[in-house]
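Containing mmCIF, C-alpha atoms: structure08.cif.
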data_structure
loop_
_atom_site.label_atom_id
_atom_site.label_comp_id
_atom_site.auth_asym_id
_atom_site.auth_seq_id
_atom_site.Cartn_x
_atom_site.Cartn_y
_atom_site.Cartn_z
CA MET A 72 47.87 32.60 -54.81
CA ILE A 73 44.48 31.45 -56.11
CA GLY A 74 42.77 28.19 -55.17
CA TYR A 75 40.64 26.39 -57.73
CA TYR A 76 38.14 23.76 -56.61
CA VAL A 77 37.35 21.32 -59.46
CA HIS A 78 34.22 19.19 -59.42
CA HIS A 79 34.92 15.53 -60.14
CA GLN A 80 32.01 14.50 -62.38
CA GLY A 81 32.70 14.52 -66.11
CA SER A 82 35.77 15.94 -67.79
CA GLY A 83 34.51 19.46 -68.52
CA HIS A 84 35.30 21.00 -65.13
CA VAL A 85 38.93 19.90 -65.07
CA ASN A 86 39.50 20.85 -68.72
CA ARG A 87 38.10 24.30 -67.99
CA ALA A 88 40.30 24.67 -64.90
CA ARG A 89 43.50 23.68 -66.68
CA THR A 90 42.73 26.08 -69.53
CA ILE A 91 42.21 29.02 -67.16
CA ALA A 92 45.22 28.12 -65.00
CA ALA A 93 47.49 28.11 -68.04
CA HIS A 94 46.69 31.80 -68.63
CA CYS A 95 46.51 33.01 -65.03
CA PRO A 96 49.22 35.49 -63.96
CA LEU A 97 48.94 34.26 -60.36
CA PRO A 98 49.93 30.81 -59.07
CA VAL A 99 46.94 28.45 -59.01
CA THR A 100 46.50 25.49 -56.65
CA GLY A 101 43.97 22.88 -57.70
CA LEU A 102 41.75 21.14 -55.15
CA SER A 103 39.80 18.07 -56.30
CA SER A 104 39.22 14.38 -55.82
CA LEU A 105 40.36 14.02 -59.44
CA ALA A 106 44.00 13.38 -60.21
CA ALA A 107 46.03 16.39 -61.26
CA PRO A 108 46.24 16.85 -65.04
CA ASP A 109 49.69 16.23 -66.47
CA ASP A 110 49.96 19.84 -67.58
CA TRP A 111 48.71 21.46 -64.38
CA PRO A 112 51.03 24.42 -63.77
CA GLY A 113 51.07 24.45 -59.97
CA HIS A 114 50.31 22.57 -56.76
CA TRP A 115 47.39 20.13 -56.47
CA VAL A 116 45.57 19.06 -53.30
CA HIS A 117 43.96 15.65 -53.73
CA LEU A 118 40.69 15.40 -51.81
CA PRO A 119 38.89 12.25 -50.64
CA GLY A 120 35.59 11.45 -52.30
CA ASP A 121 32.30 12.28 -50.63
CA ASP A 122 29.89 10.08 -52.61
CA ASP A 123 30.96 6.52 -51.81
CA GLY A 124 29.36 4.11 -49.35
CA ASP A 125 25.74 3.21 -48.62
CA PRO A 126 23.36 5.97 -49.74
CA ALA A 127 20.86 4.82 -47.14
CA ALA A 128 23.25 6.08 -44.47
CA PHE A 129 23.71 9.54 -46.00
CA GLY A 130 20.72 11.09 -44.22
CA ASP A 131 19.31 14.36 -45.52
CA VAL A 132 22.12 15.41 -47.84
CA THR A 133 20.42 18.78 -48.45
CA ALA A 134 20.24 19.83 -44.78
CA GLY A 135 16.61 20.79 -45.11
CA GLY A 136 17.01 22.18 -48.63
CA ARG A 137 19.77 24.63 -47.69
CA LEU A 138 22.64 22.66 -49.27
CA HIS A 139 23.03 20.35 -52.27
CA TRP A 140 25.35 17.62 -51.00
CA ALA A 141 26.30 17.12 -47.35
CA PRO A 142 25.94 13.42 -46.44
CA VAL A 143 25.66 12.89 -42.69
CA ARG A 144 28.64 11.38 -40.83
CA HIS A 145 30.50 10.73 -44.07
CA ALA A 146 34.24 10.40 -43.49
CA GLY A 147 35.07 11.50 -47.05
CA LEU A 148 33.08 14.70 -46.71
CA ARG A 149 34.74 15.48 -43.38
CA GLY A 150 38.16 14.74 -44.83
CA ARG A 151 37.77 16.86 -47.95
CA MET A 152 36.39 19.85 -46.04
CA ALA A 153 39.16 19.56 -43.46
CA LEU A 154 41.85 19.46 -46.17
CA ILE A 155 40.38 22.50 -47.90
CA ALA A 156 40.26 24.38 -44.58
CA GLN A 157 43.84 23.36 -43.76
CA TRP A 158 45.04 24.53 -47.14
CA ILE A 159 43.25 27.87 -46.83
CA ALA A 160 44.73 28.39 -43.35
CA ALA A 161 48.25 27.58 -44.57
CA ALA A 162 48.20 29.26 -47.99
CA SER A 163 45.98 32.26 -47.24
CA PRO A 164 44.77 32.42 -50.87
CA ARG A 165 43.66 35.75 -52.26
CA LEU A 166 40.68 34.05 -53.97
CA LEU A 167 39.07 30.63 -54.23
CA VAL A 168 37.39 29.65 -57.49
CA CYS A 169 34.56 27.17 -57.09
CA ASP A 170 33.59 24.96 -60.07
CA VAL A 171 31.23 23.71 -58.73
CA SER A 172 30.13 23.12 -55.10
CA ILE A 173 27.81 25.24 -53.03
CA GLU A 174 29.32 23.72 -49.90
CA VAL A 175 32.94 24.52 -50.82
CA ALA A 176 32.01 28.10 -51.73
CA LEU A 177 30.31 28.50 -48.36
CA LEU A 178 33.25 26.94 -46.48
CA ALA A 179 35.75 29.27 -48.14
CA ARG A 180 33.69 32.36 -47.41
CA LEU A 181 33.18 31.31 -43.77
CA LEU A 182 36.98 31.11 -43.55
CA GLY A 183 37.23 34.69 -44.75
CA THR A 184 38.35 33.87 -48.29
CA PRO A 185 36.88 35.78 -51.26
CA VAL A 186 35.08 33.46 -53.67
CA ALA A 187 34.59 33.36 -57.43
CA VAL A 188 31.86 31.00 -58.63
CA MET A 189 31.77 29.44 -62.09
CA ALA A 190 28.17 30.10 -63.04
CA MET A 191 25.91 27.63 -64.80
CA ARG A 192 22.76 28.08 -66.83
CA GLY A 193 19.36 26.85 -65.77
CA GLU A 194 17.17 27.47 -62.76
CA ARG A 195 19.61 28.64 -60.07
CA THR A 196 17.28 30.53 -57.74
CA ASP A 197 16.88 27.67 -55.24
CA PRO A 198 18.17 28.56 -51.75
CA PRO A 199 21.60 26.84 -52.06
CA HIS A 200 22.43 28.39 -55.44
CA ARG A 201 21.13 31.77 -54.37
CA MET A 202 23.36 31.66 -51.29
CA ALA A 203 26.48 30.78 -53.29
CA TYR A 204 25.82 33.31 -56.05
CA ASP A 205 24.97 35.99 -53.47
CA LEU A 206 28.13 35.46 -51.41
CA ALA A 207 30.45 35.31 -54.42
CA ASP A 208 32.65 38.31 -55.16
CA LEU A 209 32.70 37.33 -58.83
CA LEU A 210 30.55 35.20 -61.14
CA LEU A 211 32.24 33.83 -64.25
CA ALA A 212 29.73 33.07 -67.00
CA PRO A 213 31.26 30.98 -69.82
CA TRP A 214 28.78 32.24 -72.40
CA PRO A 215 28.43 35.51 -74.33
CA ALA A 216 26.91 38.60 -72.74
CA GLU A 217 24.54 39.02 -75.70
CA LEU A 218 22.95 35.65 -74.83
CA PRO A 219 22.48 36.08 -71.06
CA GLU A 220 20.67 33.73 -68.75
CA PRO A 221 17.16 35.20 -68.30
CA GLY A 222 15.85 36.13 -64.88
CA TRP A 223 19.10 36.71 -63.02
CA PRO A 224 18.82 39.27 -60.18
CA GLY A 225 20.50 42.61 -60.74
CA PRO A 226 23.23 42.04 -58.11
CA TRP A 227 24.30 38.85 -59.90
CA ARG A 228 24.49 40.60 -63.26
CA ALA A 229 26.52 43.43 -61.74
CA LYS A 230 29.34 41.10 -60.65
CA THR A 231 29.30 38.78 -63.67
CA VAL A 232 32.07 38.59 -66.23
CA HIS A 233 30.86 36.97 -69.44
CA THR A 234 33.87 35.29 -70.98
CA GLY A 235 32.18 33.46 -73.83
CA ALA A 236 32.69 29.73 -74.15
CA PHE A 237 36.27 28.50 -74.14
CA SER A 238 38.11 25.21 -74.41
CA ARG A 239 41.57 23.67 -74.40
CA PHE A 240 41.46 23.82 -78.23
CA ASP A 241 41.11 27.58 -78.60
CA GLY A 242 43.72 28.84 -81.02
CA ARG A 243 44.54 25.39 -82.37
CA PRO A 244 44.58 25.26 -86.18
CA HIS A 245 41.49 23.58 -87.56
CA HIS A 246 40.86 22.18 -91.00
CA ALA A 247 37.46 21.76 -92.58
CA PRO A 248 36.67 18.37 -94.17
CA ALA A 249 37.85 17.91 -97.74
CA GLU A 250 35.38 19.15 -100.30
CA GLU A 251 33.33 16.56 -102.11
CA ARG A 252 34.28 16.16 -105.79
CA ALA A 253 31.73 15.50 -108.50
CA ASP A 254 33.90 12.74 -109.98
CA ARG A 255 34.62 11.18 -106.59
CA PRO A 256 31.77 11.70 -104.11
CA ARG A 257 32.62 10.83 -100.56
CA MET A 258 30.49 9.71 -97.67
CA ARG A 259 29.77 12.61 -95.32
CA ARG A 260 30.87 12.26 -91.72
CA VAL A 261 28.91 12.59 -88.50
CA LEU A 262 30.68 12.72 -85.15
CA LEU A 263 28.46 11.73 -82.23
CA PHE A 264 30.25 13.57 -79.44
CA MET A 265 28.68 12.71 -76.10
CA GLY A 266 31.39 13.34 -73.52
CA SER A 267 31.97 11.44 -70.29
CA GLY A 268 29.26 12.96 -68.12
CA GLY A 269 26.50 10.52 -68.98
CA THR A 270 23.90 10.40 -71.72
CA GLY A 271 20.25 9.53 -72.07
CA VAL A 272 20.75 8.16 -75.58
CA SER A 273 20.62 4.39 -75.99
CA PRO A 274 22.79 2.32 -78.36
CA GLY A 275 19.60 1.27 -80.13
CA GLU A 276 18.65 4.86 -80.87
CA VAL A 277 22.09 5.55 -82.31
CA LYS A 278 21.92 2.38 -84.41
CA ALA A 279 18.54 3.45 -85.82
CA ALA A 280 19.89 6.90 -86.70
CA ARG A 281 22.83 5.33 -88.54
CA ALA A 282 20.52 3.03 -90.49
CA ALA A 283 18.32 5.96 -91.50
CA THR A 284 21.27 7.96 -92.91
CA PRO A 285 23.07 5.65 -95.35
CA GLY A 286 24.90 8.56 -96.99
CA TRP A 287 26.63 9.46 -93.74
CA ARG A 288 29.43 7.71 -91.85
CA TRP A 289 28.97 7.89 -88.07
CA THR A 290 31.79 7.95 -85.53
CA THR A 291 31.07 7.97 -81.80
CA LEU A 292 33.19 9.42 -79.02
CA GLY A 293 31.92 9.26 -75.45
CA GLY A 294 28.92 7.75 -73.77
CA PRO A 295 28.75 4.45 -71.89
CA ASP A 296 29.14 2.13 -74.88
CA SER A 297 31.72 3.93 -76.99
CA GLY A 298 35.38 4.70 -77.00
CA TRP A 299 36.95 7.95 -75.95
CA SER A 300 39.95 9.92 -77.11
CA ALA A 301 42.19 12.16 -75.06
CA ASP A 302 42.44 14.35 -78.16
CA PRO A 303 39.14 14.49 -80.06
CA TRP A 304 40.28 17.49 -82.10
CA PRO A 305 41.07 15.59 -85.33
CA ALA A 306 37.69 13.86 -85.21
CA LEU A 307 35.91 17.17 -84.60
CA CYS A 308 37.65 18.85 -87.51
CA ALA A 309 36.96 15.93 -89.84
CA ALA A 310 33.21 15.94 -89.18
CA ASP A 311 30.76 17.49 -91.62
CA VAL A 312 28.27 17.63 -88.73
CA VAL A 313 28.77 17.12 -85.00
CA VAL A 314 25.90 15.67 -82.96
CA THR A 315 26.37 16.53 -79.31
CA HIS A 316 24.65 17.26 -76.04
CA ALA A 317 24.47 20.78 -74.58
CA GLY A 318 27.22 20.50 -71.99
CA GLN A 319 29.40 23.59 -71.77
CA ASN A 320 32.67 21.79 -72.51
CA ALA A 321 31.43 19.73 -75.47
CA LEU A 322 29.85 22.79 -77.06
CA ALA A 323 32.97 24.88 -76.50
CA GLU A 324 35.09 22.26 -78.27
CA CYS A 325 32.63 21.98 -81.14
CA ALA A 326 32.56 25.77 -81.41
CA ALA A 327 36.36 25.98 -81.39
CA ALA A 328 36.39 23.66 -84.42
CA ARG A 329 33.66 25.81 -86.07
CA ARG A 330 31.74 22.69 -87.06
CA PRO A 331 28.01 22.57 -87.89
CA ALA A 332 26.09 20.90 -85.10
CA VAL A 333 22.89 19.17 -84.10
CA VAL A 334 22.57 19.74 -80.35
CA VAL A 335 20.41 17.41 -78.26
CA PRO A 336 20.17 18.73 -74.68
CA GLN A 337 20.24 16.00 -72.03
CA GLU A 338 18.38 15.85 -68.75
CA ARG A 339 20.51 17.58 -66.11
CA PRO A 340 19.80 19.03 -62.67
CA PHE A 341 18.28 22.51 -62.70
CA GLY A 342 17.56 22.28 -66.45
CA GLU A 343 21.11 23.35 -67.32
CA GLN A 344 21.32 21.83 -70.80
CA ALA A 345 17.77 22.77 -71.75
CA ALA A 346 18.60 26.39 -70.90
CA THR A 347 21.76 26.20 -72.99
CA GLY A 348 19.76 24.81 -75.90
CA ARG A 349 17.39 27.77 -75.70
CA ALA A 350 20.34 30.17 -75.81
CA LEU A 351 21.73 28.42 -78.88
CA MET A 352 18.38 28.78 -80.61
CA ARG A 353 18.17 32.48 -79.72
CA GLY A 354 21.57 33.00 -81.26
CA ARG A 355 20.82 30.77 -84.28
CA LEU A 356 24.10 28.97 -83.63
CA ALA A 357 23.12 25.35 -84.21
CA VAL A 358 20.22 23.04 -84.95
CA VAL A 359 18.68 22.16 -81.56
CA ALA A 360 16.40 19.16 -80.98
CA SER A 361 14.25 18.97 -77.85
CA GLY A 362 14.98 15.25 -77.50
CA TRP A 363 16.67 12.47 -79.41
CA PRO A 364 14.98 12.61 -82.84
CA GLU A 365 13.14 9.73 -84.43
CA ALA A 366 15.20 7.79 -86.95
CA GLU A 367 13.34 9.18 -89.96
CA GLU A 368 14.09 12.77 -88.86
CA TRP A 369 17.86 12.39 -89.05
CA PRO A 370 18.45 12.82 -92.80
CA ALA A 371 16.77 16.24 -92.84
CA LEU A 372 18.40 17.32 -89.57
CA LEU A 373 21.90 16.51 -90.77
CA GLU A 374 21.34 18.33 -94.06
CA GLN A 375 19.87 21.30 -92.19
CA ALA A 376 22.90 21.50 -89.91
CA ARG A 377 25.33 21.17 -92.81
CA ALA A 378 23.57 23.96 -94.70
CA HIS A 379 23.54 26.14 -91.57
CA GLY A 380 27.31 25.73 -91.19
CA GLY A 381 29.51 26.78 -88.29
CA ALA A 382 30.30 30.37 -89.22
CA ARG A 383 28.30 31.82 -86.31
CA TRP A 384 30.22 29.95 -83.58
CA PRO A 385 32.57 32.91 -82.88
CA ARG A 386 29.59 34.61 -81.24
CA TRP A 387 29.56 31.78 -78.71
CA ALA A 388 33.28 31.10 -78.42
CA PRO A 389 35.37 34.14 -79.43
CA GLY A 390 38.64 32.32 -78.79
CA ASP A 391 39.96 34.32 -75.83
CA GLY A 392 37.52 33.23 -73.13
CA ALA A 393 40.15 31.55 -70.95
CA VAL A 394 42.29 34.71 -71.03
CA ARG A 395 39.25 36.78 -70.05
CA ALA A 396 38.50 34.40 -67.17
CA ALA A 397 42.09 34.37 -65.91
CA THR A 398 42.27 38.16 -66.10
CA ALA A 399 38.99 38.53 -64.19
CA LEU A 400 40.27 36.22 -61.44
CA ALA A 401 43.54 38.12 -61.12
CA ASP A 402 41.65 41.43 -61.03
CA ALA A 403 39.33 40.10 -58.30
CA ALA A 404 42.32 38.96 -56.24
CA ARG A 405 44.03 42.34 -56.62
CA ALA A 406 40.86 44.22 -55.72
CA ARG A 407 40.67 42.47 -52.37
CA ASP A 408 44.14 43.28 -51.11
CA GLY A 409 45.14 46.30 -53.16
CA ARG A 410 48.25 44.70 -54.56
CA THR A 411 49.46 44.99 -58.11
CA LEU A 412 51.01 42.18 -60.09
#
For the file at hand, write its structure as structure tokens.
Amino acid sequence: MIGYYVHHQGSGHVNRARTIAAHCPLPVTGLSSLAAPDDWPGHWVHLPGDDDGDPAAFGDVTAGGRLHWAPVRHAGLRGRMALIAQWIAAASPRLLVCDVSIEVALLARLLGTPVAVMAMRGERTDPPHRMAYDLADLLLAPWPAELPEPGWPGPWRAKTVHTGAFSRFDGRPHHAPAEERADRPRMRRVLLFMGSGGTGVSPGEVKAARAATPGWRWTTLGGPDSGWSADPWPALCAADVVVTHAGQNALAECAAARRPAVVVPQERPFGEQAATGRALMRGRLAVVASGWPEAEEWPALLEQARAHGGARWPRWAPGDGAVRAATALADAARARDGRTL
């Protein structure tokens, strides 16, 4: 039995968990304040939230800089930690995967449970991250080994499995947009793919970009002022260029569709998306902008991305990342108790 803690912000964490669980040879129990996905293959422990109420009453949520989120006297935090501890005591899991919570990783290890941490790019050498990455038996890095995160200590590198990026769409047939005909030119398509984790791009900035690119038809999925689709795959495949942020899940889905991209990293804690943008530039995988471009820059950027194409995406997302991750988790579980599957 493996436990899998799923962070509740955005959709990327749960999509990643369900993709790994589908390939895992061991039973997987999910633990999250999110609802269980319809296709989750095993048990699911629903946890109370720990971020509701009056923030003024939370006290020092970092416990003097040693943790990231531990609000003082918060009933939801107590309840979720108690449920996790009860489940560990009852199920005696061979491994707990943490994606992502420093506090849950620490709790599991204090209860004698081996821990695998889903690693993230950016500056992770602060005391809480260093503690979680140090105590982990396994670090799963959903990016290619040839584009590592600079500056990691040797002990972290030694226990890291680089899976490459992966998504729920890996292996799904994809179709490039229809070719433009000389006798019937068509308007090229841009998909603005911003996800559900928040964006620093305003509707006015998007409107200005549309106005500056009259030869392109823009469709928007995600963000606070746009619709969303449970299955964005057709829209991804139909796009001549995808404009997206640098979140791991959005990039993995864009890469699975092998679509040309303009990537605009968003502000995130610990510089996660900025670090991902730098890795994309090192690998020459996409056009990367340091911030939302000015309206007059968009025509050239879209043409540059279209000319660059998406043929290099297999370097980032080889297509078997979820299988690699599931295999690494099963191997880590076996290594701890000597059993064979």
- [ ] Name the residues that the PyMOL selection byres ((chain A and resi 318) around 9) picks from the file above, as a list in words, using the file's chain letters and numbers.
- [x]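 Expected selection for the PyMOL selection byres ((chain A and resi 318) around 9) here is Gly83, Met265, Gly266, Gly268, Thr315, His316, Ala317, Gln319, Asn320, Ala321, Leu322, Ala323, Pro336, Gln337, Glu343, Gln344 and Thr347 of chain A.
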- [ ] Return the single residue from A:Leu372, A:Ala106, A:Ala187, A:Ala393 that is closest to Thr284 (chain A), with distances computed using only C-alpha atoms.
- [x] A:Leu372
Name all residues at most 9 Å from region 93-95 of chain A (count all atoms listed in the file; drop same-chain ones fewer than 6 positions away) and give them as a PDB file with C-alpha atoms, in the coordinates of the input.
ATOM      1  CA  ASP A 110      49.960  19.840 -67.580  1.00  0.00           C
ATOM      2  CA  TRP A 111      48.710  21.460 -64.380  1.00  0.00           C
ATOM      3  CA  PRO A 112      51.030  24.420 -63.770  1.00  0.00           C
ATOM      4  CA  ALA A 393      40.150  31.550 -70.950  1.00  0.00           C
ATOM      5  CA  VAL A 394      42.290  34.710 -71.030  1.00  0.00           C
ATOM      6  CA  ALA A 396      38.500  34.400 -67.170  1.00  0.00           C
ATOM      7  CA  ALA A 397      42.090  34.370 -65.910  1.00  0.00           C
ATOM      8  CA  THR A 398      42.270  38.160 -66.100  1.00  0.00           C
ATOM      9  CA  LEU A 400      40.270  36.220 -61.440  1.00  0.00           C
ATOM     10  CA  ALA A 401      43.540  38.120 -61.120  1.00  0.00           C
TER      11      ALA A 401
END
I would like the residues chosen by the PyMOL selection byres ((chain A and resi 350-356) around 8) on the shown file; could you give them as a CSV table (one decimal) with C-alpha atoms, keeping the file's coordinate frame?
chain,number,residue,atom,x,y,z
A,218,LEU,CA,23.0,35.6,-74.8
A,219,PRO,CA,22.5,36.1,-71.1
A,220,GLU,CA,20.7,33.7,-68.8
A,346,ALA,CA,18.6,26.4,-70.9
A,347,THR,CA,21.8,26.2,-73.0
A,348,GLY,CA,19.8,24.8,-75.9
A,349,ARG,CA,17.4,27.8,-75.7
A,357,ALA,CA,23.1,25.4,-84.2
A,358,VAL,CA,20.2,23.0,-85.0
A,359,VAL,CA,18.7,22.2,-81.6
A,381,GLY,CA,29.5,26.8,-88.3
A,383,ARG,CA,28.3,31.8,-86.3
A,384,TRP,CA,30.2,30.0,-83.6
A,387,TRP,CA,29.6,31.8,-78.7
Open item on the list: Considering all atoms listed in the file, can you say which of A:Val277, A:Val132, A:Ala388, A:Val232 comes closest to His145 (chain A)?
Closed with: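 The shortest atom-to-atom distance to His145 (chain A) comes from A:Val132.
Here the PyMOL selection byres ((chain A and resi 164) around 6) captures the residues Met72, Ile73, Ala162, Ser163, Arg165 and Leu166 of chain A.
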Please, which residues in region 122-185 of chain A fall within 8 Å of region 203-212 of chain A when counting only C-alpha atoms, and what is the closest atom pair and distance in Å to one decimal for each, ordered by chain then residue number, as CSV?
residue,atom,partner,partner_atom,distance
A:Ile173,CA,A:Ala203,CA,5.7
A:Ala176,CA,A:Ala203,CA,6.3
A:Leu177,CA,A:Ala203,CA,6.6
A:Arg180,CA,A:Leu206,CA,7.5
A:Pro185,CA,A:Asp208,CA,6.3
I need the residues from that last selection saved to file as a PDB file, keeping the file's coordinate frame (with C-alpha atoms), if you can.
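As written to disk, result15.pdb reads:
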ATOM      1  CA  ILE A 173      27.810  25.240 -53.030  1.00  0.00           C
ATOM      2  CA  ALA A 176      32.010  28.100 -51.730  1.00  0.00           C
ATOM      3  CA  LEU A 177      30.310  28.500 -48.360  1.00  0.00           C
ATOM      4  CA  ARG A 180      33.690  32.360 -47.410  1.00  0.00           C
ATOM      5  CA  PRO A 185      36.880  35.780 -51.260  1.00  0.00           C
TER       6      PRO A 185
END
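If you count all atoms listed in the file and ignore residues fewer than 2 places along the chain from Arg329 (chain A), what sits within 7 Å of it is Cys325, Ala326, Ala327, Pro331, Gly381, Ala382 and Trp384 of chain A.
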TODO: May I have the residues within 12 Å of Gly113 (chain A) as a list in words, using all atoms listed in the file and disregarding those fewer than 4 positions away in the same chain?
DONE: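 Listed by chain and then number, they are Met72, Ile73, Gly74, Tyr75, Ala88, Arg89, Ala92, Ala93, Cys95, Pro96, Leu97, Pro98, Val99, Thr100, Gly101, Leu102, Ala107, Pro108 and Asp109 of chain A.
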Task: Interatomic distance, CA of Thr291 (chain A) to CA of Leu263 (chain A) (Å, one decimal) - done: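 Computing the Euclidean distance for CA of Thr291 (chain A) and CA of Leu263 (chain A) yields 4.6 Å.
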Task: Gap from CA of Tyr76 (chain A) to CA of Pro303 (chain A) - Å, one decimal - done: 25.2 Å
Open item on the list: As an exercise, work out the distance from CA of Ala153 (chain A) to CA of His84 (chain A) in Å and give it to one decimal place.
Closed with: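 Taking CA of Ala153 (chain A) as the start and CA of His84 (chain A) as the end point, the length is 22.1 Å.
When all atoms listed in the file are used to compute distances to Thr290 (chain A), the closest of the residues A:Arg149, A:Arg386, A:Arg377, A:Arg259 turns out to be A:Arg259.
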- [ ] Please provide the set of residues having any atom within 12 Å of Leu154 (chain A), restricted to all atoms listed in the file, with same-chain residues fewer than 6 positions apart removed, written as a PyMOL selection string.
- [x] chain A and resi 76+102-104+115-120+147-148+160-162+175+178-179
Open item on the list: Which residues are close to Gly286 (chain A), i.e. within 10 Å by all atoms listed in the file, leaving aside same-chain residues fewer than 5 positions away? Reply as an MDAnalysis selection string.
Closed with: chainID A and resid 257:260 281 370
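Considering all atoms listed in the file, the residue among A:Thr234, A:Glu365, A:Ala403, A:Gly298 positioned nearest to Val186 (chain A) is A:Ala403.
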